[in-house]
$ cat my_file-v4.txt   # compact mmCIF, C-alpha atoms and all ligand atoms
# COMPACT_ATOMS: atom_id res chain seq x y z
CA MET A 260 117.23 12.94 40.12
CA ALA A 261 116.50 11.92 43.72
CA ALA A 262 114.49 8.75 44.32
CA TYR A 263 110.97 9.79 43.72
CA ASP A 264 107.68 8.16 44.63
CA PHE A 265 105.60 8.27 41.45
CA ASN A 266 102.84 6.24 43.09
CA ALA A 267 101.80 8.77 45.71
CA PRO A 268 99.26 11.34 44.52
CA ARG A 269 100.81 14.79 44.34
CA LEU A 270 98.96 18.07 44.84
CA PHE A 271 99.79 21.75 44.57
CA VAL A 272 98.42 23.78 47.50
CA GLU A 273 98.66 27.45 48.48
CA ALA A 274 99.03 26.95 52.25
CA PRO A 275 102.39 27.17 54.07
CA LEU A 276 103.99 23.76 54.69
CA GLN A 277 105.91 22.74 57.82
CA ALA A 278 105.97 19.77 60.19
CA GLY A 279 102.53 19.29 61.69
CA ALA A 280 100.88 21.93 59.49
CA ARG A 281 97.31 21.16 58.52
CA VAL A 282 96.35 21.88 54.91
CA GLU A 283 92.70 22.40 54.13
CA LEU A 284 91.76 20.89 50.77
CA ASP A 285 89.29 22.53 48.45
CA ARG A 286 86.24 20.52 47.37
CA ALA A 287 87.73 19.43 44.07
CA GLN A 288 90.93 18.19 45.71
CA ALA A 289 89.02 16.38 48.49
CA ASN A 290 86.73 14.78 45.93
CA TYR A 291 89.71 13.65 43.85
CA LEU A 292 91.45 12.01 46.81
CA LEU A 293 88.41 10.51 48.53
CA ASN A 294 86.11 9.57 45.68
CA VAL A 295 88.32 9.22 42.60
CA LEU A 296 91.44 7.70 44.16
CA ARG A 297 89.43 6.29 47.09
CA LEU A 298 92.13 7.13 49.62
CA ARG A 299 91.28 6.47 53.24
CA ALA A 300 92.53 7.81 56.54
CA ASP A 301 95.83 5.93 56.26
CA GLY A 302 96.52 7.30 52.78
CA HIS A 303 99.57 9.38 51.93
CA VAL A 304 99.76 12.34 49.59
CA LEU A 305 102.70 14.51 48.48
CA VAL A 306 102.11 18.26 48.45
CA PHE A 307 104.11 21.32 47.35
CA ASN A 308 103.39 25.04 47.29
CA GLY A 309 106.35 26.40 45.31
CA ARG A 310 107.98 27.82 48.47
CA ASP A 311 108.49 25.17 51.14
CA GLY A 312 109.67 22.11 49.21
CA GLU A 313 107.66 18.92 48.96
CA TRP A 314 105.99 17.24 51.94
CA LEU A 315 104.62 13.83 52.69
CA THR A 316 101.22 14.23 54.31
CA SER A 317 98.62 11.95 55.80
CA ILE A 318 94.92 12.39 55.25
CA ALA A 319 92.56 13.47 58.00
CA VAL A 320 89.16 12.53 56.57
CA GLU A 321 86.03 14.35 57.63
CA GLY A 322 83.01 12.62 56.15
CA ARG A 323 82.83 11.83 52.45
CA LYS A 324 83.31 15.29 51.06
CA ALA A 325 85.96 16.98 53.17
CA ALA A 326 89.51 16.17 54.14
CA ASP A 327 92.60 17.89 55.47
CA LEU A 328 96.19 16.88 54.98
CA VAL A 329 98.70 16.91 57.82
CA CYS A 330 102.40 17.44 56.98
CA VAL A 331 104.51 14.53 58.24
CA ALA A 332 107.98 14.98 56.74
CA ARG A 333 109.71 17.01 54.06
CA THR A 334 110.60 14.78 51.12
CA ARG A 335 112.46 17.37 48.99
CA GLU A 336 113.98 20.80 49.53
CA GLN A 337 112.62 23.73 47.55
CA ALA A 338 114.61 24.38 44.37
CA ALA A 339 114.87 27.82 42.74
CA ARG A 340 112.73 28.47 39.68
CA PRO A 341 114.76 28.00 36.48
CA ASP A 342 115.97 31.34 35.13
CA LEU A 343 114.30 30.70 31.79
CA VAL A 344 111.65 32.98 30.32
CA TYR A 345 109.53 31.38 27.62
CA LEU A 346 107.95 33.95 25.29
CA PHE A 347 105.33 32.62 22.94
CA ALA A 348 102.47 33.76 20.76
CA PRO A 349 99.30 32.26 22.27
CA LEU A 350 97.62 29.51 20.26
CA LYS A 351 94.02 28.40 20.29
CA HIS A 352 92.55 26.24 23.09
CA ALA A 353 93.87 22.67 23.07
CA ARG A 354 97.17 23.56 21.46
CA LEU A 355 97.80 26.32 23.98
CA ASP A 356 96.98 23.86 26.79
CA TYR A 357 99.52 21.48 25.30
CA MET A 358 102.17 24.13 24.85
CA VAL A 359 101.83 25.40 28.43
CA GLN A 360 102.02 21.88 29.87
CA LYS A 361 105.10 21.04 27.78
CA ALA A 362 106.86 24.32 28.59
CA VAL A 363 106.40 23.60 32.31
CA GLU A 364 107.67 20.02 31.93
CA MET A 365 110.67 21.35 30.03
CA GLY A 366 111.58 23.73 32.85
CA ALA A 367 110.35 27.19 31.89
CA GLY A 368 110.43 29.50 34.92
CA VAL A 369 108.31 32.31 33.44
CA LEU A 370 105.56 32.04 30.81
CA GLN A 371 105.17 35.28 28.85
CA PRO A 372 102.46 35.36 26.16
CA ILE A 373 103.40 37.83 23.40
CA LEU A 374 101.06 39.59 21.01
CA THR A 375 102.74 39.72 17.62
CA GLN A 376 101.32 41.10 14.38
CA ARG A 377 100.20 37.67 13.26
CA THR A 378 99.08 36.33 16.64
CA GLN A 379 95.64 34.82 16.10
CA SER A 380 94.54 34.38 19.67
CA THR A 381 94.76 37.72 21.42
CA ARG A 382 92.62 36.92 24.46
CA VAL A 383 94.56 34.75 26.82
CA ASN A 384 92.85 32.90 29.64
CA LEU A 385 95.46 33.20 32.40
CA ASP A 386 93.46 31.04 34.84
CA ARG A 387 93.42 28.24 32.32
CA MET A 388 97.14 28.63 31.73
CA ARG A 389 97.73 28.43 35.46
CA ALA A 390 95.55 25.32 35.78
CA ASN A 391 97.56 23.66 33.01
CA ALA A 392 100.83 24.69 34.63
CA ILE A 393 99.72 23.27 37.99
CA GLU A 394 98.61 20.00 36.41
CA ALA A 395 101.94 19.57 34.63
CA ALA A 396 103.90 20.37 37.79
CA GLU A 397 101.81 17.97 39.87
CA GLN A 398 102.30 15.13 37.42
CA CYS A 399 105.99 15.64 36.75
CA GLY A 400 107.42 16.14 40.22
CA ILE A 401 108.15 19.82 39.60
CA LEU A 402 108.50 21.89 42.77
CA SER A 403 107.47 25.34 41.58
CA ILE A 404 104.80 26.69 39.30
CA PRO A 405 106.22 29.10 36.71
CA GLU A 406 105.35 32.76 36.98
CA ILE A 407 102.56 33.40 34.48
CA ARG A 408 102.63 36.92 33.07
CA GLU A 409 99.83 38.75 31.35
CA GLU A 410 99.92 38.93 27.58
CA GLU A 411 102.13 41.75 26.36
CA ASN A 412 102.83 43.56 23.13
CA PHE A 413 105.85 41.90 21.46
CA ALA A 414 108.13 44.96 21.38
CA LYS A 415 107.38 45.78 25.02
CA ALA A 416 107.99 42.21 26.15
CA ILE A 417 111.36 42.12 24.38
CA SER A 418 112.43 45.50 25.75
CA ALA A 419 111.47 44.39 29.28
CA LEU A 420 114.08 41.59 29.15
CA GLU A 421 117.33 42.42 30.95
CA PRO A 422 120.11 43.43 28.48
CA ASP A 423 122.39 40.60 29.64
CA ARG A 424 119.75 37.86 29.27
CA LEU A 425 120.50 35.56 26.33
CA VAL A 426 117.50 35.75 24.00
CA ILE A 427 117.21 32.63 21.87
CA PHE A 428 115.09 33.69 18.93
CA CYS A 429 113.59 30.75 17.03
CA ASP A 430 113.20 32.04 13.52
CA GLU A 431 111.80 29.89 10.76
CA ASP A 432 113.54 32.20 8.28
CA ALA A 433 117.03 31.71 9.74
CA SER A 434 119.30 29.75 7.41
CA VAL A 435 119.76 26.20 8.63
CA SER A 436 122.79 25.75 10.84
CA ASN A 437 123.38 23.62 13.92
CA PRO A 438 121.59 25.30 16.87
CA VAL A 439 123.49 23.18 19.39
CA GLU A 440 126.80 24.62 18.16
CA ALA A 441 125.41 28.15 18.20
CA LEU A 442 124.17 27.78 21.78
CA SER A 443 127.26 26.01 23.09
CA GLY A 444 129.52 29.06 22.62
CA SER A 445 131.37 29.62 25.91
CA GLY A 446 130.14 33.22 26.19
CA ASN A 447 126.59 31.93 26.66
CA ARG A 448 127.21 30.04 29.91
CA GLY A 449 125.80 31.10 33.24
CA VAL A 450 123.42 33.79 32.05
CA GLY A 451 119.63 34.05 32.31
CA LEU A 452 117.82 32.64 29.29
CA ALA A 453 114.82 33.59 27.18
CA VAL A 454 113.35 31.49 24.37
CA VAL A 455 111.09 33.16 21.78
CA VAL A 456 108.66 31.19 19.59
CA GLY A 457 106.28 32.91 17.19
CA PRO A 458 102.70 32.41 16.02
CA GLU A 459 101.49 30.02 13.32
CA GLY A 460 101.73 32.88 10.83
CA GLY A 461 105.39 33.44 11.67
CA PHE A 462 107.21 36.69 12.52
CA THR A 463 107.20 39.85 10.41
CA ASP A 464 110.47 41.48 9.35
CA GLN A 465 109.70 44.37 11.67
CA GLU A 466 109.51 41.93 14.59
CA ARG A 467 112.74 40.27 13.48
CA ALA A 468 114.39 43.69 13.68
CA ILE A 469 112.96 44.34 17.16
CA VAL A 470 114.27 41.12 18.68
CA SER A 471 117.58 41.28 16.81
CA ALA A 472 118.20 44.68 18.40
CA HIS A 473 118.37 43.07 21.85
CA GLN A 474 121.98 43.17 23.08
CA ARG A 475 122.25 39.38 23.39
CA CYS A 476 119.99 37.95 20.73
CA LEU A 477 120.90 34.58 19.24
CA ARG A 478 118.83 33.75 16.18
CA VAL A 479 118.52 30.01 15.70
CA SER A 480 117.09 27.62 13.16
CA LEU A 481 115.30 24.49 14.25
CA GLY A 482 116.10 22.67 11.03
CA PRO A 483 114.93 22.66 7.42
CA ARG A 484 111.25 21.94 8.14
CA ILE A 485 108.70 24.43 9.45
CA LEU A 486 107.50 23.18 12.82
CA ARG A 487 104.15 24.00 14.30
CA ALA A 488 104.57 26.38 17.21
CA ASP A 489 103.90 23.78 19.92
CA THR A 490 106.46 21.42 18.38
CA ALA A 491 108.95 24.29 18.08
CA ALA A 492 108.45 24.97 21.81
CA VAL A 493 109.48 21.48 22.82
CA ALA A 494 112.35 21.26 20.32
CA ALA A 495 113.77 24.66 21.29
CA LEU A 496 113.49 24.09 25.04
CA ALA A 497 115.17 20.68 24.67
CA ILE A 498 118.25 22.02 22.92
CA VAL A 499 118.45 25.02 25.25
CA GLN A 500 118.21 22.87 28.39
CA ALA A 501 120.75 20.40 27.01
CA THR A 502 123.35 23.03 26.08
CA LEU A 503 122.88 25.81 28.63
CA GLY A 504 120.18 24.76 31.10
CA ASP A 505 119.61 22.13 33.76
CA TRP A 506 120.05 19.01 31.62
CA ARG A 507 123.84 19.30 31.74
N1 LIG A 601 103.80 30.13 9.19
C1 LIG A 601 105.19 30.26 9.30
C2 LIG A 601 105.76 29.28 10.33
C3 LIG A 601 105.50 29.65 11.72
S1 LIG A 601 105.87 28.33 12.75
C4 LIG A 601 105.78 29.93 7.97
O1 LIG A 601 105.14 29.19 7.26
O2 LIG A 601 106.86 30.39 7.66
C5 LIG A 601 105.66 29.03 14.35
C6 LIG A 601 106.92 29.40 15.07
O3 LIG A 601 107.67 28.22 15.39
C7 LIG A 601 107.90 30.27 14.33
O4 LIG A 601 107.58 31.64 14.41
C8 LIG A 601 109.23 29.96 15.00
O5 LIG A 601 109.37 30.67 16.21
C9 LIG A 601 109.07 28.49 15.31
N2 LIG A 601 109.62 27.64 14.24
C10 LIG A 601 108.95 26.76 13.48
N3 LIG A 601 109.79 26.12 12.63
C11 LIG A 601 111.01 26.63 12.85
C12 LIG A 601 112.30 26.38 12.31
N4 LIG A 601 112.50 25.49 11.35
N5 LIG A 601 113.35 27.08 12.80
C13 LIG A 601 113.18 28.00 13.77
N6 LIG A 601 111.99 28.28 14.33
C14 LIG A 601 110.92 27.60 13.90
$ encode --input "my_file-v4.txt" --output "structure tokens"
Amino acid sequence: MAAYDFNAPRLFVEAPLQAGARVELDRAQANYLLNVLRLRADGHVLVFNGRDGEWLTSIAVEGRKAADLVCVARTREQAARPDLVYLFAPLKHARLDYMVQKAVEMGAGVLQPILTQRTQSTRVNLDRMRANAIEAAEQCGILSIPEIREEENFAKAISALEPDRLVIFCDEDASVSNPVEALSGSGNRGVGLAVVVGPEGGFTDQERAIVSAHQRCLRVSLGPRILRADTAAVAALAIVQATLGDWR
């Protein structure tokens, strides 16, 4: 990883970024920089918008409540979003917040909530998911916010995946065998990835049949213990990134 300044505050913004561009901060961002971090006119802030890389900016303060940022120099080039779709049954509140943050840290490029037969939380707050994704990206030096899709019926979400995408189906009922070996097969290299994690109640046999019918489904076990869904998310994304993704 390139040398990275973890001391500078880092913000996600919507505005285009280029040398000299002025970025208007919203009230919450201005308040955070001026009153929480107590930055002054000579302060520096890193910004990214998911399109134009990361920029070092200086603060142009206007009173105590408003500030703009002015782009000084590009610190990192924009990287493509990882080609990794994370499909998950939404959990309740704090555990969904956690799962979204961790999935972003682990490099998911698309977050796709799936409504399975045993999904408990069927109303998904997409704004809250986006806020969690932004926070994780800001804190972890990530350059793009994942695409956040609306919740979708499980069968439809699976059938919308491209036939050549490798669908890594985390199934608590799969007999235990080494997932690293299963993923490392040479035929799995260089293709788009999808990781599927179910609800606390687990998958039904009908759902197992739906996902197994995908042309490139790889059913994996995450060991002899049942993991909670948010733990399964981190474990699955770690082995997928290490064998086929951007950890190599
Ligand atoms: N209630 C279910 C467990 C669901 S755990 C039961 O008791 O059987 C939630 C999700 O995490 C599962 O649907 C699966 O996708 C994933 N998961 C948890 N433990 C797993 C394991 N040992 N192997 C594979 N996937 C697992």
$ residues_around --input "my_file-v4.txt" --residues "Arg297 (chain A)" --least-positions-apart "6" --cutoff "12 Å" --atoms "all atoms listed in the file" --output "list in words"
Pro268, Ala289, Asn290, Tyr291, His303, Ile318, Val320, Arg323 and Lys324 of chain A
$ residues_around --input "my_file-v4.txt" --residues "Asp430 (chain A)" --least-positions-apart "3" --cutoff "7 Å" --atoms "only C-alpha atoms" --output "PyMOL selection string"
chain A and resi 433+478-480
$ residues_around --input "my_file-v4.txt" --residues "Ile401 (chain A)" --least-positions-apart "6" --cutoff "9 Å" --atoms "all atoms listed in the file" --output "list in words"
Phe307, Gly309, Val363, Glu364, Gly366 and Ala395 of chain A
$ residues_around --input "my_file-v4.txt" --residues "Gly446 (chain A)" --least-positions-apart "5" --cutoff "12 Å" --atoms "all atoms listed in the file" --output "list in words"
Asp423, Arg424, Leu425, Ala441, Arg475, Leu477 and Leu503 of chain A
$ residues_around --input "my_file-v4.txt" --residues "Asp386 (chain A)" --least-positions-apart "6" --cutoff "12 Å" --atoms "all atoms listed in the file" --output "ChimeraX atom specification"
/A:356,359,392-393,407-409
$ closest_residue --input "my_file-v4.txt" --among "A:Ala453, A:Ala362, A:Gly460, A:Val383" --to "Ala494 (chain A)" --atoms "only C-alpha atoms"
A:Ala362
